[in-house]
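A.B. asks: The structure under discussion is supplied below as structure tokens; questions concerning it will follow.
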Amino acid sequence: MKVDVEFGLCESNGVCVGVIPEVFRLGNERLTVLQPVVTPANESLVREAVRRCPRQAVSVKE
């Protein structure tokens, strides 16, 4: 599984960064995915970041 960000929807508000900063980073007012692969160790927090994204711009793709 991989993290997917629809940058056309993303407002770079950083909610996902607050949930799991090991995977997401906000720099220069743009979101960056640091670790696109969803692992068993980070899956629950990545899914929490997906749920909390106010624009529903973050998802997990199989």
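By order in the structure tokens, chains are A, B, ...; within a chain, residues start at 1; ligands start at 1, following the order shown.
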Report as a list in words all protein, DNA and RNA residues lying within 8 Å of A:Val50, evaluated on only C-alpha atoms, omitting residues in the same chain fewer than 5 positions from it.
C.D. replies: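 Contacts, with the query itself left out: Cys16, Gln56, Ala57, Val58, Ser59 and Val60 of chain A.
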A.B. asks: Go ahead and save the residues from that selection, with all heavy atoms, as a PDB file, in the first residue's frame.
C.D. replies:
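Full text of part-v3.pdb as output:
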```
ATOM      1  N   CYS A  16      -2.164  16.129   8.672  1.00  0.00           N
ATOM      2  CA  CYS A  16      -1.496  14.828   8.540  1.00  0.00           C
ATOM      3  C   CYS A  16      -0.107  14.853   9.173  1.00  0.00           C
ATOM      4  O   CYS A  16       0.328  13.864   9.782  1.00  0.00           O
ATOM      5  CB  CYS A  16      -1.415  14.404   7.084  1.00  0.00           C
ATOM      6  SG  CYS A  16      -0.631  15.621   5.999  1.00  0.00           S
ATOM      7  N   GLN A  56      -9.975  15.728   2.420  1.00  0.00           N
ATOM      8  CA  GLN A  56      -9.975  14.354   1.919  1.00  0.00           C
ATOM      9  C   GLN A  56      -8.994  14.211   0.755  1.00  0.00           C
ATOM     10  O   GLN A  56      -9.269  13.513  -0.233  1.00  0.00           O
ATOM     11  CB  GLN A  56     -11.374  13.898   1.538  1.00  0.00           C
ATOM     12  CG  GLN A  56     -12.315  13.895   2.720  1.00  0.00           C
ATOM     13  CD  GLN A  56     -13.711  13.492   2.364  1.00  0.00           C
ATOM     14  OE1 GLN A  56     -14.140  13.588   1.223  1.00  0.00           O
ATOM     15  NE2 GLN A  56     -14.434  13.005   3.351  1.00  0.00           N
ATOM     16  N   ALA A  57      -7.846  14.862   0.878  1.00  0.00           N
ATOM     17  CA  ALA A  57      -6.823  14.844  -0.167  1.00  0.00           C
ATOM     18  C   ALA A  57      -5.843  13.686   0.016  1.00  0.00           C
ATOM     19  O   ALA A  57      -5.129  13.342  -0.912  1.00  0.00           O
ATOM     20  CB  ALA A  57      -6.058  16.166  -0.170  1.00  0.00           C
ATOM     21  N   VAL A  58      -5.807  13.109   1.203  1.00  0.00           N
ATOM     22  CA  VAL A  58      -4.875  12.016   1.498  1.00  0.00           C
ATOM     23  C   VAL A  58      -5.634  10.696   1.474  1.00  0.00           C
ATOM     24  O   VAL A  58      -6.732  10.595   2.031  1.00  0.00           O
ATOM     25  CB  VAL A  58      -4.201  12.227   2.868  1.00  0.00           C
ATOM     26  CG1 VAL A  58      -3.230  11.087   3.181  1.00  0.00           C
ATOM     27  CG2 VAL A  58      -3.487  13.560   2.938  1.00  0.00           C
ATOM     28  N   SER A  59      -5.035   9.705   0.835  1.00  0.00           N
ATOM     29  CA  SER A  59      -5.642   8.375   0.799  1.00  0.00           C
ATOM     30  C   SER A  59      -4.549   7.326   0.773  1.00  0.00           C
ATOM     31  O   SER A  59      -3.363   7.632   0.659  1.00  0.00           O
ATOM     32  CB  SER A  59      -6.547   8.229  -0.428  1.00  0.00           C
ATOM     33  OG  SER A  59      -5.804   8.345  -1.618  1.00  0.00           O
ATOM     34  N   VAL A  60      -4.977   6.078   0.888  1.00  0.00           N
ATOM     35  CA  VAL A  60      -4.070   4.926   0.782  1.00  0.00           C
ATOM     36  C   VAL A  60      -4.512   4.116  -0.413  1.00  0.00           C
ATOM     37  O   VAL A  60      -5.674   3.766  -0.540  1.00  0.00           O
ATOM     38  CB  VAL A  60      -4.107   4.077   2.072  1.00  0.00           C
ATOM     39  CG1 VAL A  60      -3.287   2.808   1.907  1.00  0.00           C
ATOM     40  CG2 VAL A  60      -3.621   4.878   3.267  1.00  0.00           C
TER      41      VAL A  60
END
```
A.B. asks: What is the atom CA of A:Asn13 to atom CA of A:Leu31 distance in Å?
C.D. replies: 8.4 Å
A.B. asks: If you run DSSP on the backbone here, which positions in chain A get strand (DSSP E)? Please write them as a list in words.
C.D. replies: Lys2, Val3, Asp4, Val5, Phe24, Arg25, Leu26, Gly27, Arg30, Leu31, Thr32, Val33, Val58, Ser59, Val60 and Lys61 of chain A
A.B. asks: Only C-alpha atoms, please: the residues just picked out, written as a PDB file, in the first residue's frame.
C.D. replies:
```
ATOM      1  CA  LYS A   2       1.093   3.538  -0.680  1.00  0.00           C
ATOM      2  CA  VAL A   3       0.154   7.008   0.509  1.00  0.00           C
ATOM      3  CA  ASP A   4      -1.517   9.070  -2.195  1.00  0.00           C
ATOM      4  CA  VAL A   5      -2.070  12.835  -2.045  1.00  0.00           C
ATOM      5  CA  PHE A  24       4.416  13.772   5.986  1.00  0.00           C
ATOM      6  CA  ARG A  25       6.296  17.065   6.035  1.00  0.00           C
ATOM      7  CA  LEU A  26       5.147  20.603   5.385  1.00  0.00           C
ATOM      8  CA  GLY A  27       7.780  22.850   3.851  1.00  0.00           C
ATOM      9  CA  ARG A  30       3.637  22.466   0.270  1.00  0.00           C
ATOM     10  CA  LEU A  31       3.068  18.989   1.613  1.00  0.00           C
ATOM     11  CA  THR A  32       5.704  16.331   0.948  1.00  0.00           C
ATOM     12  CA  VAL A  33       5.327  12.592   1.477  1.00  0.00           C
ATOM     13  CA  VAL A  58      -4.875  12.016   1.498  1.00  0.00           C
ATOM     14  CA  SER A  59      -5.642   8.375   0.799  1.00  0.00           C
ATOM     15  CA  VAL A  60      -4.070   4.926   0.782  1.00  0.00           C
ATOM     16  CA  LYS A  61      -3.865   3.046  -2.490  1.00  0.00           C
TER      17      LYS A  61
END
```
A.B. asks: Kindly indicate which residue among A:Leu45, A:Cys53, A:Leu9, A:Met1 lies nearest to A:Glu22, using only C-alpha atoms for the distances.
C.D. replies: A:Leu45
A.B. asks: Which residues, written as a PyMOL selection string, have at least one atom at most 8 Å from A:Val23, with only C-alpha atoms counted and residues fewer than 4 positions away on the same chain left out?
C.D. replies: chain A and resi 17+33-36+46
A.B. asks: So what do you get for atom CA of A:Gly8 versus atom CA of A:Ser44, distance-wise?
C.D. replies: 24.9 Å
A.B. asks: What is the atom CA of A:Ala49 to atom CA of A:Val37 distance in Å?
C.D. replies: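 About the pair atom CA of A:Ala49 and atom CA of A:Val37: they are 14.2 Å apart.
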